[in-house]
Structure formats: structure tokens, C-alpha cells
Amino acid sequence: MWEAIEIGLSGLAVGARNLALPNMIMMGVGFLLLYLGIKKGFEPLLLVPIGFGAFLVNLPLSGLMEEEGIFRILFNTGIGNELFPLLIFIGIGAMTDFGPLLENPKILLLGAAGQFGIFMTLALALVFGFSKLEAAAIGIIGACDGPTAIYVTSKYAPHLLAAVSVAAYSYMSLVPIIQPPIIRLLTTRKEKIIKMGAVRPTVSKRTKLLFPIIVTLIGGLVAPRGIPLIGMICLGNFIKEAGVVSRLAKASENEIANIVTLFLGLTIGATMQGQTFLRSQTLIIFGLGFVAICIDTAAGIMFGKIMKVLSRGRINPMIGAAGISAFPMSARVVQVQGQRYNPQNYLLMHAMGANTGGQIGSVMAAAVMLSIIEGMGII
Amino acid sequence: MDNVTYGLTMTVLGMGGTLVSLWIISLAMNVLKKFFPYRTEEKGKKGEGNVGSH
């Protein structure tokens, strides 16, 4: 009898007995992500499921990531074959209004400058000893775009998926902290107070409707390997602008985006198992990701300065910082900085234009990268 | 291909390719705005209204 009780008790204690230090650390990281999402409001839609996923998967003997575990099934269904990021892109396209960008098309070039960090970081990752495909996956953190980072990494370096995706989403959520010092450092007081005229609606419905088709056509011809990425974001936007399929548009930006975000977040969190995540390589990836976002911001501002000169002082270079994909946080950062130095200055809509340009730019940069890599015969 | 060549090629072609693609898209956006100006659409809407009122 006593023996049976002893065996039964040992069964109850097996979880606690298998709790290792790496799992405890990663549970702490999970709780930190939950804190940042809930208390600080940093990307809660993503950080909450990622944090909870990281907590669950690090509970000993949970079996969630084993062959028949629910997280493994979700991973194989949506991450291993790049389905989830592509579905999210339909939602992003349906949520995005490219109107402010179409008002001033040359602002799209700021969205290109904001991708400089991707390629510089790729080169840096090679210096740190990463392989060519791993370097491409790390560089894509500079897109500041979670779904793009997941898409490229799951294709080229699936073993780095946890580190790259967590870095991408973390830095996206930390844009309001990372960007302001760089903006202040790289712009003069005279530049900071440049007022930009009000954005008036001058774009026809037909232009808005044809825009996603044109982007898909040009993007698809220049970088065919990126058609899934470009095509899905443009499909979502086309559905929204068509105006005759409001149910599909609403489903894309609500139900589809929300369900896939939940599954994507949980699955990314599930890849943060202590034994595989806690490596020096992860820290290097986080460091390189930080460098990528800083370079993106700096390059956007410097390109903004060039555009300021070419426009005879009518463009405030600070909006260049919004040429990344972190929408709309980056545009809000620029607005706050603009108002700080000139309370009469309303840069928000111009920054929104640059920010949506950054969304197109990040997808295009990833598409170009995929096509060059394939062209080089590396894959 | 060695890492230096790969890194340089990716940086130059990647950044160049992205910039040129977006520049072409921005040109196409300008063309679209020229072909389908906002004013024309407004006139069109007014016209539809008139037809309806008759």
C-alpha cells in the first residue's frame, strides 16, 4: 500500500523533478513578454500569445512540441510551410490605406531607404560566421516586419526561426524607444521644425484600386520569388479597395488576421524552448537585429535629408525614420518628435505615407533578396 | 562564392534592386494619378446624380 502511494507521489512530482534552469529562464522571458504586452502595451496582440506560448512549452514534459502535440501540429500547418505569414499579409493589406502614400508617391523611396539595414546586417552576420542563408534570415529582421521575417527564415534557416521572429517582433514593439534618440541625433533643430503642408485627399478610387495590381505586376516581374509575399498583401488591399466584397475585407482584417495572429504567436512562443533557445547565437542575433533597426532608421533619415534638399526644404527629414514597416508606431514616433520641437507641426499623415511605403519596401526588399539568392544558385 | 563577394553583391544588388523597384512603382503611381485624376471622378459622380434625378 505504502509502496503504491510512494509510486503515485513520485508520478505527481515528475514535472517538478524535470524542471531545468533553461526552462525556468525561458518561462521568465515568457512572463517578461506578457508584462511588456499587457502593462506597457507593446504589440500586445503578438507578445501575449508569444509569451504564453513560451511559458507553456517550457513546462516540463508538456509534450506540446512533440510529434502529436498541438503546437507541433500548428507549427507544421502554418509555419513550416509559410502559410500563417502569408495569411497575415492578406489581413495587413486589408487594413492598410495607401492613400497618404499615393498623395505623394516619391515618399515611397523613403520606404526603400528604410530597408538598408537588411542588407548591411546580412553582411555583418557573415562577419560573425553565420552561413549565407542564415545571414539572409538574420538580415530580414531589419525589415521590421514579423510575417516577412518568419517567411524568409522558415524558408532558409528554420533552426533560427525562434530567435529571428522574437527579435523581429520585439524590436517592432520597441520602435517608440529605439527611434527617438536616433532621430534627435541625426537631425538639426532647423530640420526638426520644418512644417509640411496638409495632406488633402486627391487620389481617385480607380487609382487606389489599380495600385495593388500595379505593385504586384512590377514586384512580380522584378522579383518573382517574392510573389507570394507581394501578392497576398496586394490581394488584401485590392479586396478592401474593390468596395464590393466588404464581407471578405472584414473577414481578412478581423477574423482571418486575428485567428492566424493567435496561432502564429503561440507557435512562435512554442519554438522558445530553453534547451534550444538559450545559446550565444541567439544573443548575437538579437544584437544584429538591433543594429538592423538602427541602420534602417538612420538610412531613412539620411535619405529624407536628400529629399529635403531636392524639394527645396519642403520635406522634413524626420519622416524618413518612418520608412520602415512598423506600422503605425513609427509614424506616431515621428509625429511626437515633430510636435516636440514645433507644436504647430502635424507630420502624421506624411509619416503614415512613408510608413506604408516601408511596408511595401520591406516586402519588396525580401522579394528582391529571395530572387537574388535563387539567381546566385545558393538554394 | 566566398562570403565577401556574396555580402557585397547582396548589399549592392539588394539595395539597388529595392530602390529601383520602388522608384518604378512611384512612377507608375504618378501615371495612375494622371490617368485617373480625383477631379474626373468627382465630375463622374455628379453626372450619375443628374441622370438619377431625371
# chains A, B, ... in the order shown; residues from 1 in each chain; ligands from 1
call {"tool": "closest_atom_pairs", "arguments": {"of": "chain A", "to": "chain B", "cutoff": "6 Å", "atoms": "only C-alpha atoms", "output": "JSON lines"}}
result
{"residue": "A:Pro105", "atom": "CA", "partner": "B:Ser26", "partner_atom": "CA", "distance": 5.0}
{"residue": "A:Lys106", "atom": "CA", "partner": "B:Ser26", "partner_atom": "CA", "distance": 5.9}
{"residue": "A:Ala112", "atom": "CA", "partner": "B:Leu19", "partner_atom": "CA", "distance": 5.2}
{"residue": "A:Phe119", "atom": "CA", "partner": "B:Thr11", "partner_atom": "CA", "distance": 4.9}
{"residue": "A:Ala123", "atom": "CA", "partner": "B:Gly7", "partner_atom": "CA", "distance": 4.8}
{"residue": "A:Thr202", "atom": "CA", "partner": "B:Tyr38", "partner_atom": "CA", "distance": 5.3}
{"residue": "A:Val203", "atom": "CA", "partner": "B:Tyr38", "partner_atom": "CA", "distance": 5.3}
{"residue": "A:Ser204", "atom": "CA", "partner": "B:Tyr38", "partner_atom": "CA", "distance": 4.3}
{"residue": "A:Thr207", "atom": "CA", "partner": "B:Leu32", "partner_atom": "CA", "distance": 5.7}
{"residue": "A:Ala365", "atom": "CA", "partner": "B:Thr18", "partner_atom": "CA", "distance": 5.3}
{"residue": "A:Met369", "atom": "CA", "partner": "B:Gly14", "partner_atom": "CA", "distance": 5.9}
call {"tool": "residues_around", "arguments": {"residues": "segment 7-19 of chain A", "least_positions_apart": "6", "cutoff": "12 Å", "atoms": "only C-alpha atoms", "output": "ChimeraX atom specification"}}
result
/A:1,25-27,57-63,274-275
call {"tool": "residues_around", "arguments": {"residues": "Met349 of chain A", "least_positions_apart": "4", "cutoff": "7 Å", "atoms": "only C-alpha atoms", "output": "JSON, numbers by chain"}}
result
{"A": [100, 199, 353]}
call {"tool": "write_last_selection", "arguments": {"atoms": "N, CA, C and O atoms", "output": "compact mmCIF listing (two decimals), in the first residue's frame"}}
result
# COMPACT_ATOMS: atom_id res chain seq x y z
N PRO A 100 -2.38 58.04 -48.11
CA PRO A 100 -1.34 59.04 -47.83
C PRO A 100 -0.09 58.84 -48.69
O PRO A 100 0.58 59.81 -49.06
N VAL A 199 -2.10 67.19 -45.88
CA VAL A 199 -2.37 66.21 -46.94
C VAL A 199 -3.86 66.28 -47.28
O VAL A 199 -4.71 66.06 -46.43
N GLY A 353 2.40 58.04 -44.79
CA GLY A 353 2.74 57.74 -46.19
C GLY A 353 4.07 57.00 -46.27
O GLY A 353 4.19 55.97 -46.94
call {"tool": "atom_distance", "arguments": {"atom1": "atom CA of Leu217 of chain A", "atom2": "atom CA of Phe303 of chain A"}}
result
26.2 Å
call {"tool": "atom_distance", "arguments": {"atom1": "atom CA of Ile230 of chain A", "atom2": "atom CA of Met307 of chain A"}}
result
26.4 Å
call {"tool": "atom_distance", "arguments": {"atom1": "atom CA of Ile319 of chain A", "atom2": "atom CA of Ile214 of chain A"}}
result
24.9 Å
call {"tool": "residues_around", "arguments": {"residues": "Val48 of chain A", "least_positions_apart": "5", "cutoff": "7 Å", "atoms": "only C-alpha atoms", "output": "list in words"}}
result
Leu33, Leu34 and Gly37 of chain A
call {"tool": "write_last_selection", "arguments": {"atoms": "N, CA and C atoms", "output": "compact mmCIF listing (two decimals), in the first residue's frame"}}
result
# COMPACT_ATOMS: atom_id res chain seq x y z
N LEU A 33 7.63 39.00 -21.68
CA LEU A 33 6.87 39.37 -22.89
C LEU A 33 5.42 39.68 -22.55
N LEU A 34 4.85 38.87 -21.63
CA LEU A 34 3.47 39.14 -21.21
C LEU A 34 3.38 40.50 -20.53
N GLY A 37 3.64 43.25 -23.11
CA GLY A 37 2.42 43.33 -23.91
C GLY A 37 1.25 43.91 -23.13
